[in-house]
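Q: As input, take final08.txt (compact mmCIF, C-alpha atoms and all ligand atoms):
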```txt
# COMPACT_ATOMS: atom_id res chain seq x y z
CA MET W 1 0.99 -18.95 8.82
CA GLY W 2 -0.21 -16.53 6.18
CA ALA W 3 -2.79 -17.45 3.59
CA GLU W 4 -1.54 -19.50 0.65
CA GLN W 5 -0.31 -17.35 -2.22
CA PRO W 6 -2.88 -17.24 -5.00
CA ALA W 7 -1.93 -18.76 -8.36
CA VAL W 8 -3.44 -15.80 -10.19
CA GLU W 9 -4.54 -12.47 -8.84
CA PHE W 10 -6.22 -9.57 -10.57
CA ARG W 11 -6.06 -6.31 -8.69
CA ASP W 12 -8.53 -3.69 -9.88
CA ILE W 13 -7.83 -4.17 -13.54
CA ASP W 14 -9.34 -2.03 -16.27
CA ILE W 15 -9.11 -2.89 -19.95
CA ALA W 16 -10.09 -0.50 -22.72
CA TYR W 17 -10.29 -0.83 -26.48
CA GLY W 18 -9.75 2.77 -27.50
CA LYS W 19 -12.38 4.75 -25.61
CA PHE W 20 -14.54 1.71 -24.89
CA VAL W 21 -13.97 0.25 -21.42
CA ALA W 22 -14.53 -3.52 -21.77
CA VAL W 23 -13.52 -4.45 -18.19
CA ARG W 24 -13.84 -2.23 -15.16
CA ASP W 25 -12.32 -2.65 -11.68
CA PHE W 26 -12.00 -6.41 -11.97
CA SER W 27 -10.50 -8.13 -8.92
CA LEU W 28 -10.19 -11.86 -8.41
CA SER W 29 -7.95 -14.18 -6.50
CA ILE W 30 -7.55 -17.75 -7.76
CA ARG W 31 -6.25 -20.60 -5.58
CA LYS W 32 -3.56 -22.93 -6.86
CA GLY W 33 -5.00 -26.05 -8.42
CA SER W 34 -8.53 -24.72 -8.66
CA PHE W 35 -10.88 -24.57 -11.62
CA VAL W 36 -12.44 -21.13 -11.99
CA THR W 37 -14.98 -20.18 -14.62
CA LEU W 38 -15.76 -16.74 -16.00
CA LEU W 39 -19.43 -16.96 -16.92
CA GLY W 40 -21.56 -14.33 -18.59
CA PRO W 41 -23.37 -13.31 -21.76
CA SER W 42 -21.63 -12.50 -25.00
CA GLY W 43 -19.66 -9.27 -24.81
CA CYS W 44 -19.35 -9.09 -21.00
CA GLY W 45 -15.55 -9.14 -21.12
CA LYS W 46 -14.68 -12.79 -20.31
CA THR W 47 -12.36 -13.34 -23.25
CA THR W 48 -10.75 -9.97 -22.73
CA ILE W 49 -9.81 -10.93 -19.17
CA LEU W 50 -8.47 -14.30 -20.27
CA ARG W 51 -6.41 -12.70 -23.00
CA SER W 52 -4.96 -10.20 -20.54
CA ILE W 53 -3.44 -13.05 -18.50
CA ALA W 54 -1.71 -14.37 -21.59
CA GLY W 55 -0.53 -10.89 -22.56
CA LEU W 56 -2.65 -10.81 -25.71
CA VAL W 57 -4.34 -7.58 -24.62
CA ASP W 58 -2.87 -4.82 -22.48
CA ILE W 59 -4.50 -3.68 -19.30
CA SER W 60 -5.00 0.05 -18.80
CA GLY W 61 -5.05 -0.02 -15.00
CA GLY W 62 -4.39 -2.36 -12.08
CA GLN W 63 -2.10 -5.38 -11.79
CA ILE W 64 -2.06 -9.04 -12.72
CA MET W 65 0.02 -11.39 -10.54
CA ILE W 66 0.91 -14.99 -11.29
CA ASP W 67 2.40 -16.91 -8.35
CA GLY W 68 2.99 -13.60 -6.61
CA ARG W 69 4.91 -12.01 -9.50
CA ARG W 70 3.57 -9.10 -11.46
CA VAL W 71 3.20 -10.13 -15.09
CA ASP W 72 1.31 -7.34 -16.77
CA ASP W 73 4.53 -5.93 -18.20
CA VAL W 74 6.08 -9.34 -19.00
CA PRO W 75 6.01 -10.09 -22.76
CA ILE W 76 3.79 -12.92 -24.04
CA TYR W 77 6.61 -15.32 -24.83
CA LYS W 78 7.96 -15.12 -21.29
CA ARG W 79 4.64 -15.96 -19.62
CA ASN W 80 4.33 -19.63 -18.80
CA ILE W 81 0.71 -20.14 -19.81
CA GLY W 82 -1.19 -22.87 -21.67
CA LEU W 83 -4.01 -21.80 -23.97
CA VAL W 84 -6.91 -23.70 -25.50
CA PHE W 85 -9.26 -21.89 -27.86
CA GLN W 86 -12.68 -22.66 -29.28
CA SER W 87 -11.16 -23.13 -32.72
CA TYR W 88 -8.52 -25.72 -31.97
CA ALA W 89 -5.84 -23.60 -33.64
CA LEU W 90 -3.62 -26.59 -34.44
CA PHE W 91 -0.96 -26.23 -37.11
CA PRO W 92 -2.71 -28.03 -39.99
CA HIS W 93 0.42 -29.23 -41.80
CA LYS W 94 2.25 -30.41 -38.70
CA SER W 95 1.82 -33.88 -37.25
CA VAL W 96 0.20 -34.43 -33.87
CA PHE W 97 3.70 -34.94 -32.44
CA ASP W 98 4.97 -31.61 -33.77
CA ASN W 99 1.84 -29.82 -32.65
CA VAL W 100 2.13 -31.11 -29.10
CA ALA W 101 5.92 -30.72 -29.01
CA PHE W 102 5.74 -27.07 -30.06
CA GLY W 103 5.97 -25.50 -26.59
CA LEU W 104 8.75 -27.87 -25.55
CA LYS W 105 10.93 -27.21 -28.61
CA TYR W 106 10.38 -23.52 -28.07
CA ARG W 107 11.72 -23.93 -24.55
CA ASN W 108 14.76 -25.89 -25.78
CA VAL W 109 13.84 -29.10 -23.98
CA PRO W 110 16.21 -31.96 -25.00
CA LYS W 111 14.83 -34.29 -27.71
CA PRO W 112 14.45 -37.52 -25.68
CA GLU W 113 12.57 -35.60 -23.01
CA ILE W 114 10.30 -34.07 -25.67
CA ALA W 115 9.38 -37.54 -26.95
CA ARG W 116 8.68 -38.75 -23.41
CA LYS W 117 6.57 -35.72 -22.47
CA VAL W 118 4.58 -35.75 -25.72
CA GLY W 119 3.86 -39.46 -25.13
CA GLN W 120 2.67 -38.72 -21.59
CA ALA W 121 0.47 -35.84 -22.72
CA LEU W 122 -1.14 -37.97 -25.43
CA ASP W 123 -1.78 -40.73 -22.87
CA MET W 124 -3.38 -38.13 -20.63
CA VAL W 125 -5.82 -37.02 -23.34
CA ARG W 126 -6.44 -40.67 -24.29
CA LEU W 127 -4.94 -40.49 -27.78
CA PRO W 128 -1.80 -42.60 -27.37
CA GLY W 129 0.01 -43.58 -30.57
CA SER W 130 -1.47 -40.71 -32.62
CA GLU W 131 1.90 -38.91 -33.02
CA LYS W 132 2.16 -39.30 -36.80
CA LYS W 133 -1.41 -38.25 -37.69
CA LEU W 134 -2.33 -34.88 -39.15
CA PRO W 135 -5.07 -32.77 -37.52
CA SER W 136 -7.27 -33.28 -40.62
CA GLN W 137 -7.33 -37.04 -39.88
CA LEU W 138 -8.91 -36.43 -36.47
CA SER W 139 -12.47 -35.63 -35.36
CA GLY W 140 -13.29 -32.27 -33.76
CA GLY W 141 -13.22 -33.80 -30.28
CA GLN W 142 -9.88 -35.46 -30.96
CA GLN W 143 -8.41 -32.22 -32.31
CA GLN W 144 -9.51 -30.46 -29.15
CA ARG W 145 -7.78 -33.17 -27.08
CA ILE W 146 -4.57 -32.52 -29.04
CA ALA W 147 -4.95 -28.80 -28.39
CA LEU W 148 -5.31 -29.63 -24.69
CA ALA W 149 -2.22 -31.90 -24.78
CA ARG W 150 -0.27 -29.08 -26.45
CA ALA W 151 -1.37 -26.63 -23.75
CA ILE W 152 -0.43 -28.80 -20.75
CA VAL W 153 2.70 -30.60 -22.04
CA PHE W 154 5.13 -27.95 -20.78
CA GLU W 155 3.49 -27.81 -17.34
CA PRO W 156 2.34 -24.17 -17.49
CA GLN W 157 1.57 -22.20 -14.34
CA VAL W 158 -1.96 -21.59 -15.57
CA LEU W 159 -4.20 -23.21 -18.17
CA LEU W 160 -6.57 -20.86 -19.99
CA LEU W 161 -9.58 -22.36 -21.75
CA ASP W 162 -11.63 -20.05 -23.96
CA GLU W 163 -14.98 -21.70 -24.80
CA PRO W 164 -13.13 -24.91 -25.72
CA LEU W 165 -16.31 -26.95 -26.05
CA SER W 166 -18.57 -24.71 -28.10
CA ALA W 167 -17.47 -26.06 -31.50
CA LEU W 168 -18.30 -29.65 -30.48
CA ASP W 169 -21.63 -31.45 -30.82
CA ALA W 170 -23.74 -31.99 -27.71
CA ASN W 171 -22.58 -35.55 -26.89
CA MET W 172 -18.93 -34.75 -27.41
CA ARG W 173 -19.31 -31.62 -25.34
CA GLU W 174 -20.54 -33.58 -22.33
CA GLU W 175 -17.78 -36.14 -22.69
CA MET W 176 -15.12 -33.42 -22.94
CA ARG W 177 -16.48 -31.64 -19.86
CA VAL W 178 -15.73 -34.71 -17.80
CA GLU W 179 -12.42 -35.28 -19.58
CA ILE W 180 -11.09 -31.75 -19.07
CA LYS W 181 -12.08 -31.82 -15.43
CA LYS W 182 -10.33 -35.16 -14.88
CA ILE W 183 -7.13 -33.94 -16.51
CA GLN W 184 -7.20 -30.73 -14.53
CA LYS W 185 -7.56 -32.69 -11.27
CA ALA W 186 -4.91 -35.25 -12.20
CA THR W 187 -2.35 -32.58 -13.12
CA GLY W 188 -3.34 -30.19 -10.31
CA ILE W 189 -3.05 -27.33 -12.79
CA THR W 190 -4.81 -24.03 -12.10
CA ALA W 191 -7.42 -23.56 -14.81
CA ILE W 192 -9.42 -20.54 -15.91
CA PHE W 193 -12.33 -21.39 -18.15
CA VAL W 194 -14.52 -19.03 -20.14
CA THR W 195 -18.06 -19.91 -21.15
CA HIS W 196 -21.53 -18.47 -21.59
CA ASP W 197 -23.04 -21.91 -20.91
CA GLN W 198 -24.35 -22.12 -17.35
CA GLU W 199 -24.46 -25.92 -17.32
CA GLU W 200 -20.80 -26.15 -18.23
CA ALA W 201 -19.95 -23.65 -15.53
CA LEU W 202 -22.05 -25.40 -12.86
CA SER W 203 -20.77 -28.88 -13.66
CA MET W 204 -17.05 -28.13 -14.01
CA SER W 205 -16.08 -25.31 -11.68
CA ASP W 206 -14.78 -24.99 -8.15
CA ARG W 207 -15.74 -21.35 -8.32
CA ILE W 208 -17.78 -19.30 -10.78
CA VAL W 209 -17.32 -15.60 -11.50
CA VAL W 210 -20.59 -14.31 -12.95
CA MET W 211 -19.92 -11.27 -15.13
CA ASN W 212 -22.15 -8.62 -16.66
CA ALA W 213 -21.07 -5.68 -18.81
CA GLY W 214 -17.41 -5.72 -17.82
CA SER W 215 -17.96 -6.11 -14.07
CA VAL W 216 -18.34 -8.92 -11.54
CA GLU W 217 -21.89 -9.65 -10.38
CA GLN W 218 -21.05 -12.49 -7.99
CA ILE W 219 -18.24 -14.92 -7.16
CA GLY W 220 -18.99 -18.23 -5.47
CA THR W 221 -19.16 -22.00 -5.68
CA PRO W 222 -21.65 -23.39 -8.21
CA GLU W 223 -24.09 -24.09 -5.36
CA GLU W 224 -23.74 -20.57 -3.97
CA VAL W 225 -24.37 -18.74 -7.22
CA TYR W 226 -27.23 -21.05 -8.15
CA GLU W 227 -28.94 -21.35 -4.76
CA ARG W 228 -28.11 -17.89 -3.38
CA PRO W 229 -27.92 -15.48 -6.32
CA ALA W 230 -26.89 -12.04 -5.08
CA THR W 231 -28.54 -10.10 -7.88
CA ALA W 232 -31.46 -10.41 -10.26
CA PHE W 233 -28.98 -10.75 -13.13
CA VAL W 234 -27.30 -13.80 -11.56
CA ALA W 235 -30.65 -15.38 -10.68
CA ASP W 236 -31.89 -15.01 -14.22
CA PHE W 237 -28.69 -15.91 -16.03
CA LEU W 238 -28.22 -19.12 -14.05
CA GLY W 239 -31.24 -21.25 -14.73
CA LYS W 240 -34.04 -18.98 -15.81
CA ALA W 241 -35.51 -18.29 -12.40
CA ASN W 242 -39.03 -16.95 -11.83
CA MET W 243 -38.65 -13.35 -10.72
CA LEU W 244 -41.80 -12.32 -8.86
CA ALA W 245 -42.16 -8.63 -8.04
CA GLY W 246 -43.72 -7.88 -4.67
CA THR W 247 -43.90 -5.68 -1.59
CA VAL W 248 -43.23 -6.57 2.05
CA SER W 249 -46.60 -6.69 3.81
CA LYS W 250 -45.45 -8.09 7.19
CA SER W 251 -41.91 -7.99 8.47
CA ASP W 252 -41.93 -9.73 11.88
CA GLY W 253 -41.43 -13.51 11.86
CA PRO W 254 -41.33 -14.98 8.33
CA THR W 255 -41.52 -12.05 5.93
CA ALA W 256 -44.85 -11.86 4.12
CA ILE W 257 -44.72 -10.59 0.56
CA THR W 258 -47.71 -9.48 -1.44
CA LEU W 259 -46.92 -10.26 -5.04
CA ALA W 260 -47.81 -7.96 -7.89
CA ALA W 261 -49.88 -10.89 -9.17
CA GLY W 262 -52.07 -10.56 -6.02
CA GLN W 263 -51.12 -13.59 -3.89
CA THR W 264 -49.26 -13.39 -0.57
CA VAL W 265 -46.31 -15.66 0.18
CA ASN W 266 -44.15 -16.17 3.29
CA VAL W 267 -40.42 -16.27 2.79
CA LEU W 268 -37.26 -16.33 4.92
CA SER W 269 -35.37 -13.07 4.67
CA PRO W 270 -31.64 -12.97 5.53
CA LYS W 271 -32.19 -9.48 7.01
CA PRO W 272 -35.30 -7.74 8.32
CA LEU W 273 -36.99 -5.66 5.64
CA PRO W 274 -39.49 -2.90 6.52
CA LYS W 275 -43.12 -3.02 5.48
CA GLY W 276 -43.58 -1.48 2.04
CA ASN W 277 -40.07 -2.48 0.89
CA LYS W 278 -40.02 -3.50 -2.79
CA VAL W 279 -38.59 -6.97 -3.36
CA THR W 280 -38.17 -9.65 -5.97
CA VAL W 281 -38.93 -13.23 -4.93
CA VAL W 282 -36.70 -15.57 -6.93
CA VAL W 283 -38.09 -19.09 -7.32
CA ARG W 284 -36.38 -21.75 -9.41
CA PRO W 285 -38.77 -23.76 -11.63
CA GLN W 286 -37.42 -26.93 -9.93
CA LYS W 287 -38.47 -25.68 -6.48
CA LEU W 288 -42.15 -25.67 -7.43
CA SER W 289 -44.27 -28.77 -6.89
CA VAL W 290 -47.84 -29.47 -7.87
CA ALA W 291 -50.33 -29.15 -4.98
CA ALA W 292 -47.57 -29.09 -2.36
CA GLY W 293 -45.51 -26.51 -0.45
CA ALA W 294 -46.48 -23.85 2.08
CA ASN W 295 -46.83 -21.03 -0.47
CA ARG W 296 -49.43 -21.87 -3.10
CA LEU W 297 -49.88 -20.08 -6.40
CA SER W 298 -52.64 -21.04 -8.76
CA GLY W 299 -53.27 -20.20 -12.36
CA ARG W 300 -54.04 -21.46 -15.83
CA VAL W 301 -51.59 -23.69 -17.67
CA VAL W 302 -50.47 -21.94 -20.86
CA SER W 303 -48.15 -24.69 -22.03
CA THR W 304 -47.09 -28.15 -20.90
CA SER W 305 -43.87 -29.93 -21.88
CA TYR W 306 -43.85 -33.54 -20.75
CA LEU W 307 -40.31 -34.74 -19.93
CA GLY W 308 -40.94 -38.23 -18.59
CA GLY W 309 -40.55 -38.03 -14.79
CA SER W 310 -41.46 -34.36 -14.70
CA ALA W 311 -43.18 -31.69 -16.75
CA ILE W 312 -42.48 -28.05 -17.43
CA TYR W 313 -45.55 -25.88 -17.02
CA GLU W 314 -45.93 -22.24 -18.04
CA ILE W 315 -48.62 -20.89 -15.76
CA ASP W 316 -50.50 -17.60 -15.98
CA ILE W 317 -50.93 -16.57 -12.33
CA GLY W 318 -52.59 -13.23 -13.10
CA GLY W 319 -51.24 -9.68 -13.01
CA LYS W 320 -49.50 -10.38 -16.36
CA THR W 321 -47.20 -12.76 -14.52
CA SER W 322 -46.13 -16.02 -16.04
CA LEU W 323 -44.65 -18.71 -13.80
CA ARG W 324 -42.47 -21.58 -14.96
CA ALA W 325 -42.56 -24.81 -12.96
CA ASN W 326 -40.47 -27.91 -13.58
CA ALA W 327 -42.35 -30.29 -11.31
CA PRO W 328 -42.42 -34.06 -10.80
CA ILE W 329 -45.56 -35.62 -12.24
CA ASN W 330 -47.97 -35.82 -9.34
CA GLY W 331 -50.74 -38.18 -10.38
CA ARG W 332 -51.21 -36.98 -13.96
CA VAL W 333 -49.90 -34.42 -16.40
CA VAL W 334 -51.86 -31.17 -16.25
CA ARG W 335 -52.82 -30.05 -19.74
CA GLU W 336 -52.96 -26.63 -21.39
CA GLY W 337 -56.03 -24.64 -20.40
CA GLU W 338 -56.53 -26.45 -17.08
CA THR W 339 -55.98 -24.76 -13.75
CA ILE W 340 -53.07 -25.84 -11.58
CA GLU W 341 -51.84 -25.10 -8.10
CA VAL W 342 -48.09 -25.11 -7.51
CA GLY W 343 -46.23 -24.34 -4.32
CA PHE W 344 -42.86 -23.78 -2.68
CA ASP W 345 -41.62 -23.67 0.90
CA PRO W 346 -40.41 -20.44 2.59
CA GLY W 347 -36.80 -21.63 2.24
CA GLY W 348 -37.23 -22.58 -1.42
CA CYS W 349 -36.75 -19.08 -2.74
CA VAL W 350 -34.39 -16.12 -2.50
CA LEU W 351 -35.44 -12.62 -1.62
CA LEU W 352 -33.78 -9.71 -3.40
CA ASP W 353 -34.14 -6.22 -1.98
CA VAL W 354 -34.87 -3.94 -4.91
CA SER W 355 -35.99 -0.78 -3.15
P1 LIG E 1 -18.04 -13.60 -26.24
O1 LIG E 1 -18.66 -14.68 -25.40
O2 LIG E 1 -18.94 -13.11 -27.33
O3 LIG E 1 -16.66 -13.89 -26.71
P2 LIG E 1 -16.92 -12.00 -24.13
O4 LIG E 1 -17.67 -11.91 -22.85
O5 LIG E 1 -15.75 -12.89 -24.18
O6 LIG E 1 -17.93 -12.32 -25.30
P3 LIG E 1 -15.13 -9.96 -25.01
O7 LIG E 1 -14.74 -10.66 -26.27
O8 LIG E 1 -14.15 -9.94 -23.92
O9 LIG E 1 -16.50 -10.51 -24.47
O10 LIG E 1 -15.53 -8.48 -25.40
C1 LIG E 1 -15.91 -7.52 -24.43
C2 LIG E 1 -16.32 -6.23 -25.12
O11 LIG E 1 -15.18 -5.65 -25.77
C3 LIG E 1 -17.35 -6.42 -26.21
O12 LIG E 1 -18.25 -5.35 -26.16
C4 LIG E 1 -16.55 -6.38 -27.50
O13 LIG E 1 -17.33 -5.87 -28.55
C5 LIG E 1 -15.40 -5.46 -27.15
N1 LIG E 1 -14.16 -5.84 -27.86
C6 LIG E 1 -13.55 -7.04 -27.82
N2 LIG E 1 -12.43 -7.05 -28.56
C7 LIG E 1 -12.33 -5.79 -29.11
C8 LIG E 1 -11.39 -5.16 -29.98
N3 LIG E 1 -10.31 -5.79 -30.43
N4 LIG E 1 -11.64 -3.88 -30.31
C9 LIG E 1 -12.71 -3.21 -29.85
N5 LIG E 1 -13.63 -3.75 -29.01
C10 LIG E 1 -13.46 -5.02 -28.64
```
Please render this file's structure as structure tokens.
Ligand code: ATP
A:
Amino acid sequence: MGAEQPAVEFRDIDIAYGKFVAVRDFSLSIRKGSFVTLLGPSGCGKTTILRSIAGLVDISGGQIMIDGRRVDDVPIYKRNIGLVFQSYALFPHKSVFDNVAFGLKYRNVPKPEIARKVGQALDMVRLPGSEKKLPSQLSGGQQQRIALARAIVFEPQVLLLDEPLSALDANMREEMRVEIKKIQKATGITAIFVTHDQEEALSMSDRIVVMNAGSVEQIGTPEEVYERPATAFVADFLGKANMLAGTVSKSDGPTAITLAAGQTVNVLSPKPLPKGNKVTVVVRPQKLSVAAGANRLSGRVVSTSYLGGSAIYEIDIGGKTSLRANAPINGRVVREGETIEVGFDPGGCVLLDVS
């Protein structure tokens, strides 16, 4: 038995706009039925990659395969792909029915089947009976549901979602996260989602592709990229980690690191690092607790944000280093100007080799 054929595969693709190379050597294999997110800051090339699958931009090198067939020279109208954009891009003067039916009419599906499929798609997005309405009579969230119904109604091979939630308000955004995920699971469609919002990526994806300046930084499950960032960029982009510069001061047993701020901490290193090796110790604010943990760091509280069960502290630990802790309230809230001791266990951080 060979491995299952990927739904979508990028093989070393390059995409250039004139002389500017927006995507370089991008390779990715996407399993059928999975939900994959391209995550990265503005301008890193996410949308460009998404558009290349649909045929909206040309690639200048490499190959794109859908279900094992090369598509990079197949014209847009022959690619069987559903698209949802940030701006819902509905036809404003067409009814909901005509908007959703568009891809079916285009494919010459018989009329009774169109009516049945449109009805099913509207049920799926929880807007049954809205066929006769115009987009202007619907809220932003509802319009985005119609755009989703239009994209899935003809059962495309792949569903592409380009920042579909960013035009919605915060409550609607959270609701639609859950909704999109449910529909993707129920239909079993392969989905590629683009966002710069790490929470969206962490909560919705089977796998996340973290991108930076046209290249892949790391590919993994949400837990992998969050808990085990491979690079400083990934650590920082996903969840504002504390990045503590240091040097290996003892390399047998648990690795001892002397931080630039002066303190020494013991961490678990995935590979032995020689004494003197420059490293970055990555500690998530949530991994720090007040007056607990094997590695203790103390300093002066610069700011306190009380959040109910926990508080966020900005702590000056010396050496021009500021530490952010999001720690459960232990006894009482520590106020600005007071000293605090926070700690983490050797396994509660990630060590990046930067030498
Ligand atoms: P955003 O989140 O802002 O949409 P992105 O990660 O999706 O960003 P892209 O839109 O793919 O990024 O753009 C990648 C790079 O290519 C950017 O530097 C952008 O300025 C450039 N770019 C995008 N479209 C064009 C174009 N039509 N002509 C020239 N340069 C372009």
Q: Which residues, written as a PDB file with C-alpha atoms, in the frame of the given file, have at least one atom at most 7 Å from Phe26 (chain W), with all atoms listed in the file counted and residues fewer than 4 positions away on the same chain left out?
A:
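result_7.pdb written:
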```pdb
ATOM      1  CA  PHE W  10      -6.220  -9.570 -10.570  1.00  0.00           C
ATOM      2  CA  ARG W  11      -6.060  -6.310  -8.690  1.00  0.00           C
ATOM      3  CA  ASP W  12      -8.530  -3.690  -9.880  1.00  0.00           C
ATOM      4  CA  ILE W  13      -7.830  -4.170 -13.540  1.00  0.00           C
ATOM      5  CA  ASP W  14      -9.340  -2.030 -16.270  1.00  0.00           C
ATOM      6  CA  SER W 215     -17.960  -6.110 -14.070  1.00  0.00           C
ATOM      7  CA  VAL W 216     -18.340  -8.920 -11.540  1.00  0.00           C
TER       8      VAL W 216
END
```
Q: Compile a residue-level contact table for chain W against ligand LIG 1 (chain E) at a cut-off of 6 Å, reporting for every qualifying residue the shortest atom pair and its distance in Å to one decimal, with all atoms listed in the file counted, rows ordered by chain and ascending number, as CSV.
A:
```
residue,atom,partner,partner_atom,distance
W:Tyr17,CA,E:LIG1,C9,4.8
W:Ala22,CA,E:LIG1,O11,4.6
W:Pro41,CA,E:LIG1,O4,6.0
W:Ser42,CA,E:LIG1,O2,3.6
W:Gly43,CA,E:LIG1,O9,3.4
W:Cys44,CA,E:LIG1,O4,3.8
W:Gly45,CA,E:LIG1,O8,3.2
W:Lys46,CA,E:LIG1,O5,4.0
W:Thr47,CA,E:LIG1,O5,3.5
W:Thr48,CA,E:LIG1,O8,3.6
```
Q: Would you mind exporting C-alpha atoms of the selected residues as a PDB file, keeping the file's coordinate frame?
A:
```pdb
ATOM      1  CA  TYR W  17     -10.290  -0.830 -26.480  1.00  0.00           C
ATOM      2  CA  ALA W  22     -14.530  -3.520 -21.770  1.00  0.00           C
ATOM      3  CA  PRO W  41     -23.370 -13.310 -21.760  1.00  0.00           C
ATOM      4  CA  SER W  42     -21.630 -12.500 -25.000  1.00  0.00           C
ATOM      5  CA  GLY W  43     -19.660  -9.270 -24.810  1.00  0.00           C
ATOM      6  CA  CYS W  44     -19.350  -9.090 -21.000  1.00  0.00           C
ATOM      7  CA  GLY W  45     -15.550  -9.140 -21.120  1.00  0.00           C
ATOM      8  CA  LYS W  46     -14.680 -12.790 -20.310  1.00  0.00           C
ATOM      9  CA  THR W  47     -12.360 -13.340 -23.250  1.00  0.00           C
ATOM     10  CA  THR W  48     -10.750  -9.970 -22.730  1.00  0.00           C
TER      11      THR W  48
END
```
Q: Would you mind listing what lies within 10 Å of Ile81 (chain W) as JSON, numbers by chain, with only C-alpha atoms counted and same-chain residues fewer than 5 positions away left out?
A: {"W": [53, 54, 55, 66, 76, 151, 152, 154, 155, 156, 157, 158, 159, 160]}
Q: From the set W:Gly246, W:Gly276, W:Pro328, W:Pro6, which residue has the shortest atom-to-atom contact distance to Ala292 (chain W), counting only C-alpha atoms?
A: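 So, comparing all the options, the nearest one is W:Pro328.
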Q: Identify which of the residues W:Gln184, W:Ser29, W:Ser60, W:Thr304 lies closest to Val209 (chain W), counting only C-alpha atoms when measuring atom-to-atom distances.
A: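 For Val209 (chain W), the nearest of the candidates is W:Ser29.
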Q: Find the spatial neighbours of Lys271 (chain W), counting all atoms listed in the file, within a cut-off of 12 Å - ignore same-chain residues fewer than 4 positions away - and output them as a PyMOL selection string.
A: chain W and resi 251-255+267+350-353
Q: May I have the residues from that selection written out with C-alpha atoms, as a short mmCIF file (atom, residue, chain, number, x, y, z; two decimals), keeping the file's coordinate frame?
A:
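Result saved to part.cif:
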```cif
data_model
loop_
_atom_site.label_atom_id
_atom_site.label_comp_id
_atom_site.auth_asym_id
_atom_site.auth_seq_id
_atom_site.Cartn_x
_atom_site.Cartn_y
_atom_site.Cartn_z
CA SER W 251 -41.91 -7.99 8.47
CA ASP W 252 -41.93 -9.73 11.88
CA GLY W 253 -41.43 -13.51 11.86
CA PRO W 254 -41.33 -14.98 8.33
CA THR W 255 -41.52 -12.05 5.93
CA VAL W 267 -40.42 -16.27 2.79
CA VAL W 350 -34.39 -16.12 -2.50
CA LEU W 351 -35.44 -12.62 -1.62
CA LEU W 352 -33.78 -9.71 -3.40
CA ASP W 353 -34.14 -6.22 -1.98
#
```
Q: Considering all atoms listed in the file, give me a table of residues in region 190-235 of chain W that are at most 7 Å from region 32-35 of chain W, with the closest atom pair and distance in Å for each, as CSV.
A:
```
residue,atom,partner,partner_atom,distance
W:Thr190,CA,W:Gly33,CA,4.2
W:Ala191,CA,W:Phe35,CA,4.8
W:Ile192,CA,W:Phe35,CA,6.1
W:Ser205,CA,W:Phe35,CA,5.3
W:Asp206,CA,W:Phe35,CA,5.2
W:Arg207,CA,W:Phe35,CA,6.7
```
Q: For region 16-30 of chain W, what centre and edge lengths in Å (one decimal) does the axis-aligned box get once 4 Å is added on each side of all its listed atoms, as JSON?
A:
```
{"center_x": -11.0, "center_y": -6.5, "center_z": -17.0, "size_x": 15.0, "size_y": 30.5, "size_z": 29.0}
```
Q: Give me the residues within 10 Å of Phe102 (chain W) as number ranges by chain, counting all atoms listed in the file and dropping any in the same chain fewer than 5 places off.
A: W: 91, 94, 96-97, 107, 114, 118, 150-151, 153-154
Q: So, counting only C-alpha atoms, which residue among W:Ser249, W:Thr264, W:Asn277, W:Asn242 is closest to Glu314 (chain W)?
A: W:Asn242
Q: Which residues, written as a list in words, have at least one atom at most 9 Å from Gly337 (chain W), with only C-alpha atoms counted and residues fewer than 5 positions away on the same chain left out?
A: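 My reading of the contact set: Arg300, Val301, Val302 and Ser303 of chain W.
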Q: For C-alpha atoms, I'd like the residues from the last selection saved as a tab-separated table (two decimals), in the coordinates of the input.
A:
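Output (part.tsv):
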```
chain	number	residue	atom	x	y	z
W	300	ARG	CA	-54.04	-21.46	-15.83
W	301	VAL	CA	-51.59	-23.69	-17.67
W	302	VAL	CA	-50.47	-21.94	-20.86
W	303	SER	CA	-48.15	-24.69	-22.03
```
